[in-house]
Every structure is written in structure tokens, then in C-alpha cells.
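protein09.pdb follows; it contains PDB, C-alpha atoms (C1' of nucleotides).
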ATOM      1  CA  MET A1127     184.404  60.636  68.985
ATOM      2  CA  ASN A1128     184.675  57.328  70.844
ATOM      3  CA  ILE A1129     183.412  56.695  74.344
ATOM      4  CA  GLY A1130     186.848  57.156  75.908
ATOM      5  CA  ASP A1131     187.135  60.661  74.473
ATOM      6  CA  ALA A1132     183.561  61.400  75.516
ATOM      7  CA  ALA A1133     184.496  60.264  79.010
ATOM      8  CA  ARG A1134     187.494  62.616  79.085
ATOM      9  CA  ALA A1135     185.409  65.456  77.628
ATOM     10  CA  SER A1136     182.541  65.065  80.089
ATOM     11  CA  GLY A1137     184.382  63.870  83.161
ATOM     12  CA  LEU A1138     182.148  60.806  83.401
ATOM     13  CA  PRO A1139     183.587  57.262  83.348
ATOM     14  CA  SER A1140     182.890  55.247  80.191
ATOM     15  CA  LYS A1141     180.984  52.743  82.282
ATOM     16  CA  THR A1142     178.688  55.465  83.512
ATOM     17  CA  ILE A1143     178.088  56.731  79.996
ATOM     18  CA  ARG A1144     177.098  53.236  78.865
ATOM     19  CA  TYR A1145     174.843  53.000  81.886
ATOM     20  CA  TYR A1146     173.201  56.305  80.989
ATOM     21  CA  GLU A1147     172.525  54.955  77.533
ATOM     22  CA  ASP A1148     171.104  51.754  79.057
ATOM     23  CA  ILE A1149     168.566  53.720  81.046
ATOM     24  CA  GLY A1150     167.753  55.941  78.110
ATOM     25  CA  LEU A1151     169.261  59.268  79.105
ATOM     26  CA  LEU A1152     170.934  59.603  75.735
ATOM     27  CA  VAL A1153     171.140  57.585  72.547
ATOM     28  CA  PRO A1154     174.461  58.157  70.796
ATOM     29  CA  PRO A1155     174.534  56.997  67.164
ATOM     30  CA  ARG A1156     176.876  54.173  66.170
ATOM     31  CA  THR A1157     179.603  54.027  63.573
ATOM     32  CA  ALA A1158     179.850  51.151  61.072
ATOM     33  CA  ASN A1159     181.908  49.030  63.466
ATOM     34  CA  GLY A1160     179.331  49.323  66.241
ATOM     35  CA  TYR A1161     181.226  51.879  68.313
ATOM     36  CA  ARG A1162     179.251  54.692  69.918
ATOM     37  CA  ASP A1163     179.808  57.994  68.143
ATOM     38  CA  PHE A1164     179.701  61.077  70.362
ATOM     39  CA  GLY A1165     179.278  64.471  68.753
ATOM     40  CA  PRO A1166     178.928  67.928  70.345
ATOM     41  CA  ARG A1167     175.271  67.270  71.102
ATOM     42  CA  GLU A1168     176.050  64.113  73.082
ATOM     43  CA  ILE A1169     178.948  65.774  74.878
ATOM     44  CA  ASN A1170     176.625  68.595  75.887
ATOM     45  CA  ILE A1171     174.146  66.123  77.303
ATOM     46  CA  LEU A1172     176.864  64.282  79.191
ATOM     47  CA  THR A1173     178.326  67.430  80.748
ATOM     48  CA  PHE A1174     174.809  68.557  81.650
ATOM     49  CA  LEU A1175     174.265  65.230  83.376
ATOM     50  CA  ALA A1176     177.636  65.350  85.113
ATOM     51  CA  ARG A1177     176.836  68.797  86.539
ATOM     52  CA  ALA A1178     173.331  67.859  87.567
ATOM     53  CA  ARG A1179     174.588  64.717  89.288
ATOM     54  CA  ALA A1180     177.313  66.746  91.003
ATOM     55  CA  LEU A1181     174.537  68.892  92.466
ATOM     56  CA  GLY A1182     173.007  65.726  93.853
ATOM     57  CA  PHE A1183     169.984  65.449  91.565
ATOM     58  CA  THR A1184     168.758  61.870  91.239
ATOM     59  CA  ILE A1185     168.835  60.191  87.859
ATOM     60  CA  GLU A1186     165.091  60.694  87.503
ATOM     61  CA  GLU A1187     165.428  64.370  88.311
ATOM     62  CA  CYS A1188     168.208  64.560  85.732
ATOM     63  CA  ARG A1189     165.926  62.939  83.206
ATOM     64  CA  ALA A1190     163.246  65.524  83.921
ATOM     65  CA  LEU A1191     165.719  68.411  83.803
ATOM     66  CA  LEU A1192     167.132  67.121  80.540
ATOM     67  CA  ALA A1193     163.649  66.951  79.038
ATOM     68  CA  LEU A1194     162.936  70.508  80.157
ATOM     69  CA  TRP A1195     166.273  71.673  78.813
ATOM     70  CA  GLN A1196     165.442  70.195  75.420
ATOM     71  CA  ASP A1197     161.954  71.669  75.462
ATOM     72  CA  THR A1198     162.256  75.299  74.409
ATOM     73  CA  ASP A1199     158.620  75.843  75.398
ATOM     74  CA  ARG A1200     159.244  74.872  79.007
ATOM     75  CA  ALA A1201     158.152  77.025  81.923
ATOM     76  CA  SER A1202     161.040  77.919  84.216
ATOM     77  CA  ALA A1203     158.629  77.211  87.086
ATOM     78  CA  ASP A1204     158.894  73.506  86.280
ATOM     79  CA  VAL A1205     162.662  73.605  86.517
ATOM     80  CA  ARG A1206     162.574  75.636  89.671
ATOM     81  CA  ARG A1207     160.136  73.271  91.323
ATOM     82  CA  ILE A1208     162.473  70.335  90.791
ATOM     83  CA  ALA A1209     165.439  72.303  92.104
ATOM     84  CA  GLN A1210     163.463  73.582  95.082
ATOM     85  CA  THR A1211     162.344  70.086  96.040
ATOM     86  CA  HIS A1212     165.894  68.868  95.783
ATOM     87  CA  LEU A1213     167.113  71.786  97.871
ATOM     88  CA  GLU A1214     164.696  70.815 100.609
ATOM     89  CA  GLU A1215     165.932  67.243 100.439
ATOM     90  CA  ILE A1216     169.510  68.458 100.825
ATOM     91  CA  ASP A1217     168.501  70.565 103.807
ATOM     92  CA  ARG A1218     166.908  67.537 105.404
ATOM     93  CA  LYS A1219     170.075  65.520 104.889
ATOM     94  CA  ILE A1220     172.285  68.268 106.280
ATOM     95  CA  SER A1221     170.036  68.548 109.296
ATOM     96  CA  ASP A1222     170.126  64.791 109.912
ATOM     97  CA  LEU A1223     173.892  64.717 109.559
ATOM     98  CA  ARG A1224     174.277  67.645 111.922
ATOM     99  CA  ASP A1225     172.241  65.849 114.551
ATOM    100  CA  MET A1226     174.374  62.736 114.150
ATOM    101  CA  ARG A1227     177.511  64.808 114.236
ATOM    102  CA  ALA A1228     176.533  66.576 117.438
ATOM    103  CA  THR A1229     175.819  63.334 119.289
ATOM    104  CA  LEU A1230     178.867  61.602 117.927
ATOM    105  CA  ALA A1231     181.227  64.498 118.594
ATOM    106  CA  ASN A1232     180.046  64.580 122.181
ATOM    107  CA  LEU A1233     180.664  60.858 122.577
ATOM    108  CA  VAL A1234     184.095  61.033 120.984
ATOM    109  CA  HIS A1235     184.917  63.967 123.229
ATOM    110  CA  CYS A1236     183.921  62.032 126.350
ATOM    111  CA  CYS A1237     185.868  58.877 125.469
ATOM    112  CA  ALA A1238     189.376  58.696 126.915
ATOM    113  CA  GLY A1239     190.596  56.660 123.963
ATOM    114  CA  ASP A1240     193.238  54.827 125.947
ATOM    115  CA  ASP A1241     193.894  51.158 126.698
ATOM    116  CA  ARG A1242     191.242  50.871 129.391
ATOM    117  CA  PRO A1243     187.900  49.303 128.535
ATOM    118  CA  ASP A1244     185.613  52.006 129.973
ATOM    119  CA  CYS A1245     183.950  53.704 127.066
ATOM    120  CA  PRO A1246     181.110  56.240 127.061
ATOM    121  CA  ILE A1247     180.547  55.577 123.365
ATOM    122  CA  LEU A1248     179.668  51.934 123.936
ATOM    123  CA  GLU A1249     177.756  52.820 127.087
ATOM    124  CA  SER A1250     175.624  55.267 125.166
ATOM    125  CA  LEU A1251     174.948  52.785 122.378
ATOM    126  CA  ALA A1252     174.012  50.180 124.968
ATOM    127  CA  ARG A1253     171.861  52.200 127.316
ATOM    128  CA  GLY A1254     170.770  55.062 125.113
ATOM    129  CA  GLY A1255     171.004  58.709 126.112
ATOM    130  CA  ALA A1256     174.106  60.870 125.888
ATOM    131  CA  ALA A1257     177.563  60.376 127.330
ATOM    132  CA  GLY A1258     178.461  61.286 130.876
TER     133      GLY A1258
ATOM    134  CA  MET B  26     159.725  36.625 122.290
ATOM    135  CA  ASN B  27     158.881  36.425 118.586
ATOM    136  CA  ILE B  28     160.388  38.607 115.902
ATOM    137  CA  GLY B  29     157.403  40.965 115.828
ATOM    138  CA  ASP B  30     157.797  41.737 119.511
ATOM    139  CA  ALA B  31     161.559  42.081 119.067
ATOM    140  CA  ALA B  32     160.849  44.549 116.273
ATOM    141  CA  ARG B  33     158.564  46.596 118.517
ATOM    142  CA  ALA B  34     161.076  46.427 121.379
ATOM    143  CA  SER B  35     164.058  47.486 119.296
ATOM    144  CA  GLY B  36     162.410  49.791 116.801
ATOM    145  CA  LEU B  37     163.818  47.801 113.875
ATOM    146  CA  PRO B  38     161.551  46.231 111.216
ATOM    147  CA  SER B  39     161.282  42.436 111.315
ATOM    148  CA  LYS B  40     162.775  42.313 107.841
ATOM    149  CA  THR B  41     165.834  44.183 109.040
ATOM    150  CA  ILE B  42     166.258  41.855 112.002
ATOM    151  CA  ARG B  43     166.183  38.844 109.688
ATOM    152  CA  TYR B  44     168.679  40.587 107.468
ATOM    153  CA  TYR B  45     170.964  41.219 110.443
ATOM    154  CA  GLU B  46     170.827  37.539 111.235
ATOM    155  CA  ASP B  47     171.583  36.705 107.589
ATOM    156  CA  ILE B  48     174.778  38.729 107.696
ATOM    157  CA  GLY B  49     175.725  37.329 111.067
ATOM    158  CA  LEU B  50     175.233  40.298 113.388
ATOM    159  CA  LEU B  51     173.268  38.180 115.820
ATOM    160  CA  VAL B  52     172.134  34.570 116.037
ATOM    161  CA  PRO B  53     168.868  34.297 117.936
ATOM    162  CA  PRO B  54     168.031  30.750 119.089
ATOM    163  CA  ARG B  55     164.941  29.027 117.695
ATOM    164  CA  THR B  56     161.961  27.548 119.436
ATOM    165  CA  ALA B  57     160.686  24.056 118.607
ATOM    166  CA  ASN B  58     158.474  25.350 115.790
ATOM    167  CA  GLY B  59     161.399  27.113 114.074
ATOM    168  CA  TYR B  60     160.476  30.622 115.197
ATOM    169  CA  ARG B  61     163.301  32.921 116.279
ATOM    170  CA  ASP B  62     163.351  33.375 120.040
ATOM    171  CA  PHE B  63     164.508  36.791 121.235
ATOM    172  CA  GLY B  64     165.557  37.174 124.880
ATOM    173  CA  PRO B  65     166.951  40.225 126.702
ATOM    174  CA  ARG B  66     170.421  39.586 125.266
ATOM    175  CA  GLU B  67     169.137  39.691 121.673
ATOM    176  CA  ILE B  68     167.004  42.743 122.373
ATOM    177  CA  ASN B  69     170.071  44.495 123.769
ATOM    178  CA  ILE B  70     172.024  43.694 120.645
ATOM    179  CA  LEU B  71     169.194  44.927 118.432
ATOM    180  CA  THR B  72     168.782  48.223 120.273
ATOM    181  CA  PHE B  73     172.559  48.677 120.212
ATOM    182  CA  LEU B  74     172.485  48.164 116.456
ATOM    183  CA  ALA B  75     169.504  50.467 116.013
ATOM    184  CA  ARG B  76     171.307  53.259 117.871
ATOM    185  CA  ALA B  77     174.590  52.727 116.057
ATOM    186  CA  ARG B  78     172.812  52.747 112.696
ATOM    187  CA  ALA B  79     170.921  55.886 113.706
ATOM    188  CA  LEU B  80     174.311  57.539 114.225
ATOM    189  CA  GLY B  81     175.173  56.576 110.676
ATOM    190  CA  PHE B  82     177.701  53.832 111.396
ATOM    191  CA  THR B  83     177.945  51.355 108.519
ATOM    192  CA  ILE B  84     177.020  47.734 109.115
ATOM    193  CA  GLU B  85     180.696  46.781 109.223
ATOM    194  CA  GLU B  86     181.377  49.492 111.778
ATOM    195  CA  CYS B  87     178.428  48.203 113.773
ATOM    196  CA  ARG B  88     179.885  44.734 113.604
ATOM    197  CA  ALA B  89     183.203  46.009 114.945
ATOM    198  CA  LEU B  90     181.521  48.080 117.667
ATOM    199  CA  LEU B  91     179.413  45.112 118.666
ATOM    200  CA  ALA B  92     182.526  42.939 118.960
ATOM    201  CA  LEU B  93     184.237  45.576 121.096
ATOM    202  CA  TRP B  94     181.144  45.932 123.225
ATOM    203  CA  GLN B  95     181.131  42.212 123.879
ATOM    204  CA  ASP B  96     184.863  42.146 124.594
ATOM    205  CA  THR B  97     185.330  43.319 128.177
ATOM    206  CA  ASP B  98     189.092  43.519 127.564
ATOM    207  CA  ARG B  99     188.721  46.092 124.778
ATOM    208  CA  ALA B 100     190.692  49.317 124.727
ATOM    209  CA  SER B 101     188.455  52.375 124.511
ATOM    210  CA  ALA B 102     190.961  53.698 121.959
ATOM    211  CA  ASP B 103     189.675  51.130 119.452
ATOM    212  CA  VAL B 104     186.121  52.312 119.905
ATOM    213  CA  ARG B 105     187.133  55.921 119.745
ATOM    214  CA  ARG B 106     189.089  55.393 116.542
ATOM    215  CA  ILE B 107     186.034  53.966 114.803
ATOM    216  CA  ALA B 108     183.853  56.804 116.013
ATOM    217  CA  GLN B 109     186.452  59.416 115.085
ATOM    218  CA  THR B 110     186.779  58.037 111.549
ATOM    219  CA  HIS B 111     183.029  58.058 111.175
ATOM    220  CA  LEU B 112     182.865  61.611 112.492
ATOM    221  CA  GLU B 113     185.300  62.698 109.797
ATOM    222  CA  GLU B 114     183.202  60.941 107.191
ATOM    223  CA  ILE B 115     180.125  62.785 108.417
ATOM    224  CA  ASP B 116     182.001  66.078 108.249
ATOM    225  CA  ARG B 117     182.988  65.330 104.687
ATOM    226  CA  LYS B 118     179.379  64.608 103.777
ATOM    227  CA  ILE B 119     178.120  67.752 105.462
ATOM    228  CA  SER B 120     180.725  69.781 103.647
ATOM    229  CA  ASP B 121     179.791  68.264 100.271
ATOM    230  CA  LEU B 122     176.121  68.879 100.919
ATOM    231  CA  ARG B 123     176.774  72.447 101.959
ATOM    232  CA  ASP B 124     178.628  73.096  98.712
ATOM    233  CA  MET B 125     175.743  71.619  96.727
ATOM    234  CA  ARG B 126     173.279  73.586  98.766
ATOM    235  CA  ALA B 127     175.069  76.880  98.196
ATOM    236  CA  THR B 128     175.187  76.443  94.423
ATOM    237  CA  LEU B 129     171.663  75.164  94.210
ATOM    238  CA  ALA B 130     170.206  77.838  96.466
ATOM    239  CA  ASN B 131     171.808  80.501  94.316
ATOM    240  CA  LEU B 132     170.361  78.969  91.164
ATOM    241  CA  VAL B 133     166.907  78.625  92.674
ATOM    242  CA  HIS B 134     167.123  82.199  93.866
ATOM    243  CA  CYS B 135     168.019  83.447  90.383
ATOM    244  CA  CYS B 136     165.263  81.530  88.592
ATOM    245  CA  ALA B 137     162.063  83.477  88.059
ATOM    246  CA  GLY B 138     159.978  80.302  88.266
ATOM    247  CA  ASP B 139     157.241  81.597  85.998
ATOM    248  CA  ASP B 140     155.791  80.412  82.707
ATOM    249  CA  ARG B 141     158.623  81.776  80.582
ATOM    250  CA  PRO B 142     161.344  79.413  79.350
ATOM    251  CA  ASP B 143     164.397  81.454  80.422
ATOM    252  CA  CYS B 144     166.033  79.595  83.243
ATOM    253  CA  PRO B 145     169.380  80.239  84.919
ATOM    254  CA  ILE B 146     169.274  76.753  86.439
ATOM    255  CA  LEU B 147     169.288  75.058  83.060
ATOM    256  CA  GLU B 148     171.753  77.583  81.713
ATOM    257  CA  SER B 149     174.155  76.831  84.512
ATOM    258  CA  LEU B 150     173.823  73.082  84.031
ATOM    259  CA  ALA B 151     174.396  73.548  80.318
ATOM    260  CA  ARG B 152     177.282  75.970  80.301
ATOM    261  CA  GLY B 153     178.759  75.463  83.734
ATOM    262  CA  GLY B 154     179.563  78.300  86.110
ATOM    263  CA  ALA B 155     177.088  80.000  88.400
ATOM    264  CA  ALA B 156     173.837  81.740  87.635
ATOM    265  CA  GLY B 157     173.703  85.325  86.450
TER     266      GLY B 157
ATOM    267  C1'  DA C1190     136.642  24.054 110.656
ATOM    268  C1'  DT C1191     137.980  28.326 109.526
ATOM    269  C1'  DA C1192     139.679  32.914 109.788
ATOM    270  C1'  DG C1193     143.328  35.919 110.709
ATOM    271  C1'  DG C1194     147.582  37.028 112.182
ATOM    272  C1'  DC C1195     151.615  35.633 113.016
ATOM    273  C1'  DC C1196     155.940  33.109 111.486
ATOM    274  C1'  DT C1197     159.215  30.820 107.888
ATOM    275  C1'  DT C1198     162.240  30.849 103.473
ATOM    276  C1'  DC C1199     163.552  32.488  99.130
ATOM    277  C1'  DC C1200     163.819  35.541  95.249
ATOM    278  C1'  DA C1201     163.786  40.033  93.197
ATOM    279  C1'  DG C1202     164.114  44.948  93.267
ATOM    280  C1'  DT C1203     165.860  49.466  94.916
ATOM    281  C1'  DC C1204     169.902  53.345  93.348
ATOM    282  C1'  DG C1205     173.785  54.503  90.657
ATOM    283  C1'  DC C1206     177.061  52.778  89.383
ATOM    284  C1'  DT C1207     181.468  49.514  89.118
ATOM    285  C1'  DG C1208     184.220  45.370  88.087
ATOM    286  C1'  DG C1209     185.297  41.717  85.283
ATOM    287  C1'  DA C1210     185.014  38.226  81.610
ATOM    288  C1'  DA C1211     184.938  37.179  76.800
ATOM    289  C1'  DG C1212     185.438  38.732  72.523
ATOM    290  C1'  DG C1213     185.692  42.284  68.319
ATOM    291  C1'  DT C1214     188.406  46.373  66.128
ATOM    292  C1'  DC C1215     191.989  49.354  64.963
ATOM    293  C1'  DA C1216     196.587  51.651  64.401
ATOM    294  C1'  DA C1217     201.512  51.167  64.922
ATOM    295  C1'  DG C1218     205.659  48.742  64.468
ATOM    296  C1'  DC C1219     208.415  44.900  62.684
TER     297       DC C1219
ATOM    298  C1'  DG D1123     201.251  39.981  57.105
ATOM    299  C1'  DC D1124     201.486  39.479  61.932
ATOM    300  C1'  DT D1125     201.651  40.789  66.476
ATOM    301  C1'  DT D1126     200.941  43.887  70.207
ATOM    302  C1'  DG D1127     198.310  46.697  72.890
ATOM    303  C1'  DA D1128     194.852  49.929  73.440
ATOM    304  C1'  DC D1129     190.643  50.584  72.541
ATOM    305  C1'  DC D1130     185.727  49.082  71.879
ATOM    306  C1'  DT D1131     181.520  45.767  72.468
ATOM    307  C1'  DT D1132     178.030  42.958  75.378
ATOM    308  C1'  DC D1133     176.579  40.638  79.381
ATOM    309  C1'  DC D1134     176.506  39.290  84.121
ATOM    310  C1'  DA D1135     177.410  40.054  88.960
ATOM    311  C1'  DG D1136     178.127  42.790  93.003
ATOM    312  C1'  DC D1137     178.153  46.867  96.163
ATOM    313  C1'  DG D1138     175.077  48.677 100.872
ATOM    314  C1'  DA D1139     171.311  48.182 103.518
ATOM    315  C1'  DC D1140     167.508  47.059 103.187
ATOM    316  C1'  DT D1141     162.425  46.283 101.274
ATOM    317  C1'  DG D1142     158.553  43.933  98.940
ATOM    318  C1'  DG D1143     156.221  39.987  97.795
ATOM    319  C1'  DA D1144     155.099  35.110  97.037
ATOM    320  C1'  DA D1145     154.261  30.599  98.933
ATOM    321  C1'  DG D1146     153.622  28.084 102.679
ATOM    322  C1'  DG D1147     153.621  26.665 107.945
ATOM    323  C1'  DC D1148     151.870  27.681 112.756
ATOM    324  C1'  DC D1149     148.843  29.295 116.416
ATOM    325  C1'  DT D1150     144.826  31.162 118.628
ATOM    326  C1'  DA D1151     140.033  32.314 118.784
ATOM    327  C1'  DT D1152     135.587  31.529 117.409
TER     328       DT D1152
END
Starting from the coordinates I provided, produce the structure as C-alpha cells.
Amino acid sequence: MNIGDAARASGLPSKTIRYYEDIGLLVPPRTANGYRDFGPREINILTFLARARALGFTIEECRALLALWQDTDRASADVRRIAQTHLEEIDRKISDLRDMRATLANLVHCCAGDDRPDCPILESLARGGAAG
Amino acid sequence: MNIGDAARASGLPSKTIRYYEDIGLLVPPRTANGYRDFGPREINILTFLARARALGFTIEECRALLALWQDTDRASADVRRIAQTHLEEIDRKISDLRDMRATLANLVHCCAGDDRPDCPILESLARGGAAG
DNA sequence: ATAGGCCTTCCAGTCGCTGGAAGGTCAAGC
DNA sequence: GCTTGACCTTCCAGCGACTGGAAGGCCTAT
């Protein structure tokens, strides 16, 4: 299976797959002509990576998860710890975004959005504090 | 006012201020010895930028907002449009993060997190679908 | 004179790709 | 056998928004 088929099978772009090989996440064998040769094992790794990335795990977290996945003697506690840490990171991001959203929504709400120059959004950015 | 004082006044690291000059967001004058010289005008620009960045506006959005701020003939509609677009972007991010969070929280919840190898998190990443 | 704390520029690295150039390979059609 | 076009290869550069560090200049205090 060539890289294009692996890309279609895993949902990852070919470029990304090459990049993952570059950074050592997987090492597909090569055929005689130098093409990468993806078998079921490689496709499994790629779909694993695609799913982990879709859940927002960093590449290094993916690397760790992949290692645990391939280690049948792993402790599920190790996996859970990574996921838990990531969950907390996501919660932090959501919280930050919600704060931004609240401020911004208020500003947008207060701005007339017409052809006059008066603008609570700019005023707030200039002087600090909320609109009004 | 030297860059260090400007950094303390605006809350931005000196490095970031130099970077902002590099990309043309502000052009502080220089004193005879080549040091950047920050006056009230520059400090205002820097605090404006710091606040806009804190609301998650991209550098290019900041550049546009800054231009509108400095244009007393602006239409508030132009400002509002930028803010509205950014608000939608934030909503998209929050929504994506919430989806991730939901899946991940479920997986974490289902994982025993002990010293045994069985792990619904890895199983889900491997086979797709939810835990269980 | 020297110490230290600023300031300067420039280059490289972060993260996770993504685009593009230059060239090799392969299967189909004529 | 030759061309066409779709694939594959490597390598280098760039994105956004900084951040770190090296090498060197300046300024003030002792």
C-alpha cells in the first residue's frame, strides 16, 4: 500500500504521514523502488494517531500513548494520567475562551456598527475596562 | 522611556515589543545612542495591542483594529465586523474543545487507572467509537 | 577601572504541519 | 517504444506569535 492509499485509509494527508515518519512515530518499510509500504500495522498506527490528534493530544502525548498501546504490560493508570492531564488542559482553554467570549460579546453588543466613528470596542481596547 | 519600562508599563515582554516593531505594528523613535524611546503614544499603542491580543485577536486583526483606532473617520461597523468574525471563531473553538472534552471525559471516566493493562482509552483510540 | 544591568542586532527554535521545487517510477494508451 | 499523467521521493522554506540565546555596546555606581 502506497502513501496515498494510506492517507485515504487513515484520513491523514500524505505530507503529515511523512512528517510522522520524520519525527519517528512510525517507520514504514520500503519497497524495492524506495516507496513507503503501508500494511495493516502501519494503518492501525496512523488511525490511532489521527484519533489521538483529533482529541487534541500533542504529538509527544501521542508518542507516549502509542508506546503504551504497544506495551501489553502497561498500567492503565499511565494512560489515564496522560488523558487526565490533557483534559485539564482542555478545561483551561475552554475557560480562557469563555472569558474572552464574554468580554467580546459584550463589546460587540454595545457597538452600534454603523457609519459613525464612535465605538465602544475601540474605547475599551484603548482605555481598558468594559464597554459602556 | 526605554524598552524595559515600556514592557513594565504595557505588560508585554521586551522581546514581544521588538517583534511588534519588526512586523511594523509600531515604530518607536530612537534616542542618540540607538535605544528605542517610548512616549505616551507608544505606550498607548502597546497597551491597546496587549488588550487586543488578550481577547485573542490575531496580529493581523490587531493591525486592522489599530488602523481603525487611529482613523478618526472610521465607521464603527468596520470595527464591529472584525470583532464579530473573531467572536464566531472563538465560538467555533469552544465548540470543538467541548466535543473533545466530552469524548475525553467519558474515556477517562471509563478507565480504571490501575496497574492492569486493560484500557478503554487505548481501545477507543485503536478501534474508534466511544468507550464501553 | 570594573561590575552589573540595561540596551542593541541577529539567528535559531518552538509546534504541527503545509507548500513547492526538482526529480524518479509506474501503468495506460498510442 | 514513447509519451502522458499520476503517483512517489527528498529537501527546503514558511506559517503564527513569539521566545531563547549569543555577541557586543552603553550607562551608572562604586
Residue IDs satisfying the PyMOL selection byres ((chain D and resi 1152) around 9), as a PyMOL selection string: (chain C and resi 1191-1192) or (chain D and resi 1151)
Neighbours of point (160.3, 75.8, 86.3) within 12 Å, using all atoms listed in the file, written as a PyMOL selection string: (chain A and resi 1190-1191+1193-1195+1197+1199-1211) or (chain B and resi 132-133+135-147)
Using all atoms listed in the file, I'd like a table of the residues in chain A that come within 12 Å of chain C; for each, show the closest atom pair and its distance in Å rounded to one decimal, ordered by chain and ascending number, as a tab-separated table.
residue	atom	partner	partner_atom	distance
A:Leu1138	CA	C:DC1206	C1'	11.2
A:Pro1139	CA	C:DT1207	C1'	9.9
A:Ser1140	CA	C:DT1207	C1'	10.7
A:Lys1141	CA	C:DT1207	C1'	7.6
A:Thr1142	CA	C:DC1206	C1'	6.7
A:Ile1143	CA	C:DC1206	C1'	10.2
A:Arg1144	CA	C:DC1206	C1'	10.5
A:Tyr1145	CA	C:DC1206	C1'	7.8
A:Tyr1146	CA	C:DG1205	C1'	9.9
A:Asp1148	CA	C:DC1206	C1'	12.0
A:Ile1149	CA	C:DG1205	C1'	11.0
A:Thr1157	CA	C:DT1214	C1'	11.9
A:Ala1158	CA	C:DT1214	C1'	11.0
A:Asn1159	CA	C:DT1214	C1'	7.5
A:Gly1160	CA	C:DT1214	C1'	9.5
A:Tyr1161	CA	C:DT1214	C1'	9.3
A:Arg1179	CA	C:DG1205	C1'	10.3
A:Gly1182	CA	C:DG1205	C1'	11.7
A:Phe1183	CA	C:DG1205	C1'	11.6
A:Thr1184	CA	C:DC1204	C1'	8.9
A:Ile1185	CA	C:DG1205	C1'	8.0
A:Glu1186	CA	C:DC1204	C1'	10.6
Evaluate the PyMOL selection byres ((chain D) within 12 of (chain A)) on the structure here and hand back the selected residues as an mmCIF file with C-alpha atoms (C1' of nucleotides), in the coordinates of the input.
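Done, and the output landed in selection-v2.cif:
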data_model
loop_
_atom_site.group_PDB
_atom_site.id
_atom_site.type_symbol
_atom_site.label_atom_id
_atom_site.label_comp_id
_atom_site.auth_asym_id
_atom_site.auth_seq_id
_atom_site.Cartn_x
_atom_site.Cartn_y
_atom_site.Cartn_z
ATOM 1 C "C1'" DA D 1128 194.852 49.929 73.440
ATOM 2 C "C1'" DC D 1129 190.643 50.584 72.541
ATOM 3 C "C1'" DC D 1130 185.727 49.082 71.879
ATOM 4 C "C1'" DT D 1131 181.520 45.767 72.468
ATOM 5 C "C1'" DT D 1132 178.030 42.958 75.378
#
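Taking only C-alpha atoms into account, chain B lies nearest to A:Leu1181 out of the set A:Glu1249, A:Leu1181, A:Asp1131, A:Arg1189.
Our summary of the geometry notes that atom CA of B:Pro65 is positioned 19.0 Å from atom CA of B:Cys87.
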